[in-house]
Amino acid sequence: MSVAPPARAEDSVSIDIYAIPSQPVVDAVAKASDDLAKLGMTSFHAQGHAVHVTLYLTRYPADAEPHLKAAVANVAKDCKSFPLFVEGTERTPSNWLFLQVKRTAALQRLADLVTLAAEPFRDHDVSPPGWMSAYPAKLPAFERYGSPNVFMQFEPHLTLLAEETNPALATFVASMGKDLPQATGKVEGIGIGLVNSKGQVVKTLAEFPCADHP
C-alpha cells in the first residue's frame, strides 16, 4: 500500500514521486470508478485525485523540496516512455482496492533510480505505519529507505479505494474476477506531489515529461 508513514516532526511532509500514466490507463481507472459508483462507492479518481503509479513515497523536511525537484529532474532527463500494463484487481484485508500494475523491468528500473536519487533528502526521523506489522519482510526496506515499497518490495498499483466499509465491495471484486480489468498504456513522465494519509496527491509540485513525450 502506498501510505505515507507518520510524521515525527511538524515540518515534515509526505511527498510521492510517481509515474504519470497515459490515457488508456486513466481510462481503466475511470471505468472501474464508474462501476464502483454504481454500487455506492466513490473512488479516489471520482474524488478528483490524479491517477498515478507511486515510485517512491516517504516524508521529507519542508525545506527539501527544491533539492528533491532537482534530483528528480535529473532522472527525468534520461527517461523515455515505456509500456505500462494494468492486469486485474487486488483487495487487501483492510479493504484497500487496487488495479494491479505489472512490475516490468523498465518500471522497476525507474522506481529504483528515483529512490536512489531522492532518498538522501528524506526525513530520517519517521516510524513505520501500523499496517506494516502484518508485513515484517518490508521492515528492512523501510528502515533503510523510509518506504516499505522499494526495490524487491516494489508493488506498483493504482489505488481506487482505501479502508472501504461498503459491503458491496465484495460484489465488485467478484464481478471483476469474471472480467479482469486490463489496459495497455505508457509511462509518459515523472511527477512529484504532496499527498494525504491515503497516499493521494493533494498538490502537484512538479511534473517532468519523458524525453520522447511532448
# chains A, B, ... in the order shown; residues from 1 in each chain; ligands from 1

call {"tool": "closest_atom_pairs", "arguments": {"of": "segment 86-116 of chain A", "to": "segment 21-37 of chain A", "cutoff": "12 Å", "atoms": "only C-alpha atoms", "output": "Markdown table"}}
result
| residue | atom | partner | partner_atom | distance |
| --- | --- | --- | --- | --- |
| A:Val86 | CA | A:Val25 | CA | 7.0 |
| A:Glu87 | CA | A:Ala28 | CA | 10.3 |
| A:Gly88 | CA | A:Ala28 | CA | 10.4 |
| A:Thr89 | CA | A:Ala32 | CA | 9.8 |
| A:Leu97 | CA | A:Ala32 | CA | 10.5 |
| A:Phe98 | CA | A:Val29 | CA | 9.5 |
| A:Leu99 | CA | A:Val29 | CA | 7.6 |
| A:Gln100 | CA | A:Val29 | CA | 10.7 |
| A:Val101 | CA | A:Val25 | CA | 9.7 |
| A:Leu107 | CA | A:Pro21 | CA | 11.5 |

call {"tool": "write_last_selection", "arguments": {"atoms": "N, CA and C atoms", "output": "mmCIF file, in the first residue's frame"}}
result
data_model
loop_
_atom_site.group_PDB
_atom_site.id
_atom_site.type_symbol
_atom_site.label_atom_id
_atom_site.label_comp_id
_atom_site.auth_asym_id
_atom_site.auth_seq_id
_atom_site.Cartn_x
_atom_site.Cartn_y
_atom_site.Cartn_z
ATOM 1 N N VAL A 86 -1.968 -2.656 -17.021
ATOM 2 C CA VAL A 86 -2.903 -2.913 -15.933
ATOM 3 C C VAL A 86 -3.378 -4.353 -16.072
ATOM 4 N N GLU A 87 -3.291 -5.102 -14.961
ATOM 5 C CA GLU A 87 -3.626 -6.525 -15.017
ATOM 6 C C GLU A 87 -4.416 -6.948 -13.769
ATOM 7 N N GLY A 88 -5.708 -6.683 -13.757
ATOM 8 C CA GLY A 88 -6.556 -7.182 -12.688
ATOM 9 C C GLY A 88 -6.652 -6.266 -11.482
ATOM 10 N N THR A 89 -7.281 -6.790 -10.440
ATOM 11 C CA THR A 89 -7.525 -6.029 -9.216
ATOM 12 C C THR A 89 -6.932 -6.751 -8.009
ATOM 13 N N LEU A 97 -8.502 -1.137 -2.274
ATOM 14 C CA LEU A 97 -8.736 -1.736 -3.578
ATOM 15 C C LEU A 97 -7.797 -1.116 -4.608
ATOM 16 N N PHE A 98 -7.088 -1.973 -5.327
ATOM 17 C CA PHE A 98 -6.119 -1.527 -6.326
ATOM 18 C C PHE A 98 -6.434 -2.118 -7.692
ATOM 19 N N LEU A 99 -6.048 -1.402 -8.731
ATOM 20 C CA LEU A 99 -5.801 -2.025 -10.020
ATOM 21 C C LEU A 99 -4.329 -2.400 -10.021
ATOM 22 N N GLN A 100 -4.035 -3.640 -10.314
ATOM 23 C CA GLN A 100 -2.656 -4.098 -10.304
ATOM 24 C C GLN A 100 -1.933 -3.633 -11.558
ATOM 25 N N VAL A 101 -0.680 -3.250 -11.379
ATOM 26 C CA VAL A 101 0.183 -2.840 -12.484
ATOM 27 C C VAL A 101 1.338 -3.831 -12.582
ATOM 28 N N LEU A 107 9.774 -0.473 -15.466
ATOM 29 C CA LEU A 107 9.134 0.240 -14.359
ATOM 30 C C LEU A 107 9.944 0.070 -13.079
#

call {"tool": "residues_around", "arguments": {"residues": "Leu113 of chain A", "least_positions_apart": "3", "cutoff": "10 Å", "atoms": "only C-alpha atoms", "output": "ChimeraX atom specification"}}
result
/A:55-56,72,75-76,107-110,116-118,151

call {"tool": "write_last_selection", "arguments": {"atoms": "C-alpha atoms", "output": "PDB file, in the first residue's frame"}}
result
ATOM      1  CA  LEU A  55       7.549   5.043  -7.486  1.00  0.00           C
ATOM      2  CA  TYR A  56       8.804   6.273  -4.105  1.00  0.00           C
ATOM      3  CA  VAL A  72      14.007  14.030  -9.975  1.00  0.00           C
ATOM      4  CA  VAL A  75      16.421  11.368 -13.534  1.00  0.00           C
ATOM      5  CA  ALA A  76      13.657  12.512 -15.884  1.00  0.00           C
ATOM      6  CA  LEU A 107       9.134   0.240 -14.359  1.00  0.00           C
ATOM      7  CA  GLN A 108      11.296  -1.373 -11.679  1.00  0.00           C
ATOM      8  CA  ARG A 109      14.372   0.407 -13.022  1.00  0.00           C
ATOM      9  CA  LEU A 110      12.633   3.789 -12.971  1.00  0.00           C
ATOM     10  CA  LEU A 116      18.296   6.307  -5.082  1.00  0.00           C
ATOM     11  CA  ALA A 117      18.091   9.916  -6.277  1.00  0.00           C
ATOM     12  CA  ALA A 118      15.543  11.091  -3.700  1.00  0.00           C
ATOM     13  CA  PHE A 151      13.415  -2.345  -4.745  1.00  0.00           C
TER      14      PHE A 151
END

call {"tool": "atom_distance", "arguments": {"atom1": "atom CA of Ile190 of chain A", "atom2": "atom CA of Pro209 of chain A"}}
result
6.4 Å

call {"tool": "closest_residue", "arguments": {"among": "A:His45, A:Ala70, A:Tyr60, A:Asn166", "to": "Gly146 of chain A", "atoms": "only C-alpha atoms"}}
result
A:Tyr60

call {"tool": "closest_residue", "arguments": {"among": "A:Asp125, A:Ala168, A:Thr58, A:Asn95", "to": "Ala141 of chain A", "atoms": "only C-alpha atoms"}}
result
A:Thr58

call {"tool": "closest_residue", "arguments": {"among": "A:Ser147, A:Thr165, A:Asn196, A:Thr54", "to": "Pro129 of chain A", "atoms": "only C-alpha atoms"}}
result
A:Ser147

call {"tool": "closest_residue", "arguments": {"among": "A:Lys138, A:Gly191, A:Thr159, A:Thr184", "to": "Arg91 of chain A", "atoms": "only C-alpha atoms"}}
result
A:Thr159

call {"tool": "closest_residue", "arguments": {"among": "A:Gly40, A:Pro148, A:Pro61, A:Pro136", "to": "His124 of chain A", "atoms": "only C-alpha atoms"}}
result
A:Pro61

call {"tool": "select_by_dssp", "arguments": {"residues": "segment 6-65 of chain A", "states": "strand (DSSP E or B)", "output": "list of chain:residue names"}}
result
A:Ser12, A:Val13, A:Ser14, A:Ile15, A:Asp16, A:Ile17, A:Tyr18, A:Ala19, A:Ile20, A:Pro21, A:Val53, A:Thr54, A:Leu55, A:Tyr56, A:Leu57, A:Thr58, A:Arg59, A:Tyr60, A:Pro61

call {"tool": "closest_residue", "arguments": {"among": "A:Phe208, A:Val187, A:Glu65, A:Leu57", "to": "Ile15 of chain A", "atoms": "only C-alpha atoms"}}
result
A:Leu57

call {"tool": "atom_distance", "arguments": {"atom1": "atom CA of Cys79 of chain A", "atom2": "atom CA of Arg144 of chain A"}}
result
25.5 Å

call {"tool": "atom_distance", "arguments": {"atom1": "atom CA of Asp179 of chain A", "atom2": "atom CA of Leu160 of chain A"}}
result
17.0 Å

call {"tool": "residues_around", "arguments": {"residues": "Ala137 of chain A", "least_positions_apart": "3", "cutoff": "12 Å", "atoms": "only C-alpha atoms", "output": "short mmCIF file (atom, residue, chain, number, x, y, z; two decimals) with C-alpha atoms, in the first residue's frame"}}
result
data_model
loop_
_atom_site.label_atom_id
_atom_site.label_comp_id
_atom_site.auth_asym_id
_atom_site.auth_seq_id
_atom_site.Cartn_x
_atom_site.Cartn_y
_atom_site.Cartn_z
CA MET A 132 3.42 -2.89 8.44
CA SER A 133 3.13 -5.16 11.47
CA ALA A 134 1.46 -7.65 9.13
CA PRO A 140 14.33 -3.62 6.38
CA ALA A 141 13.34 -1.57 3.32
CA PHE A 142 11.51 0.93 5.50
CA GLU A 143 14.40 1.27 7.92
CA PRO A 148 8.31 -0.27 2.65
CA ASN A 149 7.68 -0.48 -1.10
CA VAL A 150 11.06 -0.11 -2.75
CA MET A 152 12.36 -6.01 -4.35
CA GLN A 153 9.38 -4.85 -2.24
#

call {"tool": "select_by_dssp", "arguments": {"residues": "segment 3-194 of chain A", "states": "alpha helix (DSSP H)", "output": "PyMOL selection string"}}
result
chain A and resi 23-38+65-76+105-118+139-145+169-178
